[in-house]
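S.K.: File name input-v1.pdb; file contents PDB, C-alpha atoms; full text below.
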ATOM      1  CA  MET F   1      10.735 -37.933 -47.070  1.00  0.00           C
ATOM      2  CA  ASP F   2      10.363 -40.931 -49.341  1.00  0.00           C
ATOM      3  CA  VAL F   3       8.356 -44.143 -49.040  1.00  0.00           C
ATOM      4  CA  SER F   4       9.495 -47.341 -50.738  1.00  0.00           C
ATOM      5  CA  VAL F   5       7.517 -50.559 -51.084  1.00  0.00           C
ATOM      6  CA  ARG F   6       9.974 -53.431 -50.898  1.00  0.00           C
ATOM      7  CA  ASP F   7       9.114 -56.458 -53.009  1.00  0.00           C
ATOM      8  CA  ASN F   8       7.926 -59.176 -50.615  1.00  0.00           C
ATOM      9  CA  GLY F   9       8.836 -56.948 -47.671  1.00  0.00           C
ATOM     10  CA  PRO F  10       7.969 -53.837 -45.679  1.00  0.00           C
ATOM     11  CA  TYR F  11       7.182 -50.230 -46.429  1.00  0.00           C
ATOM     12  CA  VAL F  12      10.403 -48.280 -45.834  1.00  0.00           C
ATOM     13  CA  ILE F  13      10.051 -44.621 -44.906  1.00  0.00           C
ATOM     14  CA  ARG F  14      13.134 -42.385 -44.901  1.00  0.00           C
ATOM     15  CA  GLY F  15      13.505 -38.757 -44.026  1.00  0.00           C
ATOM     16  CA  GLU F  16      14.005 -36.228 -41.284  1.00  0.00           C
ATOM     17  CA  ASP F  17      11.656 -36.276 -38.295  1.00  0.00           C
ATOM     18  CA  VAL F  18       9.610 -39.303 -39.361  1.00  0.00           C
ATOM     19  CA  LYS F  19       6.737 -39.740 -36.907  1.00  0.00           C
ATOM     20  CA  ILE F  20       4.647 -42.887 -36.652  1.00  0.00           C
ATOM     21  CA  LEU F  21       1.175 -42.381 -35.196  1.00  0.00           C
ATOM     22  CA  ASP F  22      -1.290 -45.029 -34.035  1.00  0.00           C
ATOM     23  CA  ALA F  23      -4.996 -44.991 -34.933  1.00  0.00           C
ATOM     24  CA  GLU F  24      -5.693 -42.586 -32.053  1.00  0.00           C
ATOM     25  CA  GLY F  25      -2.984 -40.145 -33.093  1.00  0.00           C
ATOM     26  CA  ASN F  26      -0.500 -41.139 -30.389  1.00  0.00           C
ATOM     27  CA  GLU F  27       3.116 -41.040 -31.478  1.00  0.00           C
ATOM     28  CA  LEU F  28       4.872 -44.402 -31.297  1.00  0.00           C
ATOM     29  CA  PRO F  29       8.427 -44.357 -29.980  1.00  0.00           C
ATOM     30  CA  TRP F  30      10.935 -44.458 -32.807  1.00  0.00           C
ATOM     31  CA  GLU F  31      14.308 -42.879 -33.330  1.00  0.00           C
ATOM     32  CA  GLY F  32      16.306 -42.592 -36.473  1.00  0.00           C
ATOM     33  CA  ARG F  33      16.089 -41.289 -40.009  1.00  0.00           C
ATOM     34  CA  GLY F  34      13.885 -44.057 -41.279  1.00  0.00           C
ATOM     35  CA  VAL F  35      11.584 -46.877 -40.351  1.00  0.00           C
ATOM     36  CA  ALA F  36      10.310 -50.152 -41.859  1.00  0.00           C
ATOM     37  CA  LEU F  37       6.599 -50.846 -41.426  1.00  0.00           C
ATOM     38  CA  CYS F  38       5.146 -54.364 -41.607  1.00  0.00           C
ATOM     39  CA  ARG F  39       3.048 -55.323 -44.640  1.00  0.00           C
ATOM     40  CA  CYS F  40       2.689 -59.055 -43.985  1.00  0.00           C
ATOM     41  CA  GLY F  41       0.785 -58.686 -40.708  1.00  0.00           C
ATOM     42  CA  GLN F  42       2.950 -61.261 -38.925  1.00  0.00           C
ATOM     43  CA  SER F  43       5.512 -59.035 -37.151  1.00  0.00           C
ATOM     44  CA  ASP F  44       5.753 -59.336 -33.369  1.00  0.00           C
ATOM     45  CA  MET F  45       6.651 -55.610 -33.312  1.00  0.00           C
ATOM     46  CA  LYS F  46       3.635 -54.262 -35.266  1.00  0.00           C
ATOM     47  CA  PRO F  47       3.443 -51.812 -36.878  1.00  0.00           C
ATOM     48  CA  PHE F  48       7.212 -52.142 -37.274  1.00  0.00           C
ATOM     49  CA  CYS F  49       8.809 -54.825 -39.437  1.00  0.00           C
ATOM     50  CA  ASP F  50      10.840 -57.519 -37.667  1.00  0.00           C
ATOM     51  CA  GLY F  51      11.744 -59.550 -40.763  1.00  0.00           C
ATOM     52  CA  THR F  52       9.044 -62.203 -40.264  1.00  0.00           C
ATOM     53  CA  HIS F  53       7.851 -61.714 -43.867  1.00  0.00           C
ATOM     54  CA  SER F  54      10.803 -63.771 -45.097  1.00  0.00           C
ATOM     55  CA  GLN F  55       9.993 -66.632 -42.705  1.00  0.00           C
ATOM     56  CA  VAL F  56       6.274 -66.843 -43.574  1.00  0.00           C
ATOM     57  CA  GLY F  57       6.707 -66.591 -47.345  1.00  0.00           C
ATOM     58  CA  PHE F  58       4.955 -63.241 -47.752  1.00  0.00           C
ATOM     59  CA  GLU F  59       4.731 -62.314 -51.431  1.00  0.00           C
ATOM     60  CA  SER F  60       3.709 -58.961 -52.843  1.00  0.00           C
ATOM     61  CA  ALA F  61       5.392 -56.973 -55.571  1.00  0.00           C
ATOM     62  CA  PRO F  62       2.870 -54.293 -56.586  1.00  0.00           C
ATOM     63  CA  ARG F  63       3.457 -52.200 -59.688  1.00  0.00           C
ATOM     64  CA  PRO F  64       1.486 -49.230 -60.977  1.00  0.00           C
ATOM     65  CA  SER F  65      -0.968 -50.163 -63.682  1.00  0.00           C
TER      66      SER F  65
END
Translate the structure of the given file into structure tokens.
M.R.:
Amino acid sequence: MDVSVRDNGPYVIRGEDVKILDAEGNELPWEGRGVALCRCGQSDMKPFCDGTHSQVGFESAPRPS
């Protein structure tokens, strides 16, 4: 599994059997080999990304120090 932080966009998680759990440990329905998780906080599909970051001007491009 790998996790990528997209500049000005979501966290992208790729791998086999990716499971997304809520704060109570319940698995959220998701199928596929990867998932994009919202970082901007504006998605209507939280915790999943719906592309709203590009409409609201979200900016974040973190780099290791």
S.K.: Where does the PyMOL selection byres ((chain F and resi 31) around 12) land in this file, that is, which residues does it pick, as a PyMOL selection string?
M.R.: chain F and resi 14-20+27-30+32-36
S.K.: Selection in question (the file shown): the PyMOL selection byres ((chain F and resi 43) around 12). Which residues does it include, as number ranges by chain?
M.R.: F: 9-10, 36-42, 44-56, 58
S.K.: In Å, with one decimal, what is the gap from atom CA of Asn8 of chain F to atom CA of Leu21 of chain F?
M.R.: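 Between these atoms lies a distance of 23.8 Å.
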S.K.: Could you check how far atom CA of Asp7 of chain F sits from atom CA of Ser60 of chain F, in Å to one decimal?
M.R.: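 One can read the atom CA of Asp7 of chain F to atom CA of Ser60 of chain F distance as 6.0 Å.
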S.K.: Please compute the atom CA of Gly25 of chain F-atom CA of Arg6 of chain F distance, one decimal, in Å.
M.R.: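 Separation between atom CA of Gly25 of chain F and atom CA of Arg6 of chain F: 25.7 Å.
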S.K.: For segment 25-35 of chain F, I'd like the enclosing box, axis-aligned and padded by 6 Å on every side, reported as JSON with centre and edge lengths in Å to one decimal.
M.R.:
{"center_x": 6.7, "center_y": -43.5, "center_z": -35.6, "size_x": 31.3, "size_y": 18.7, "size_z": 23.3}
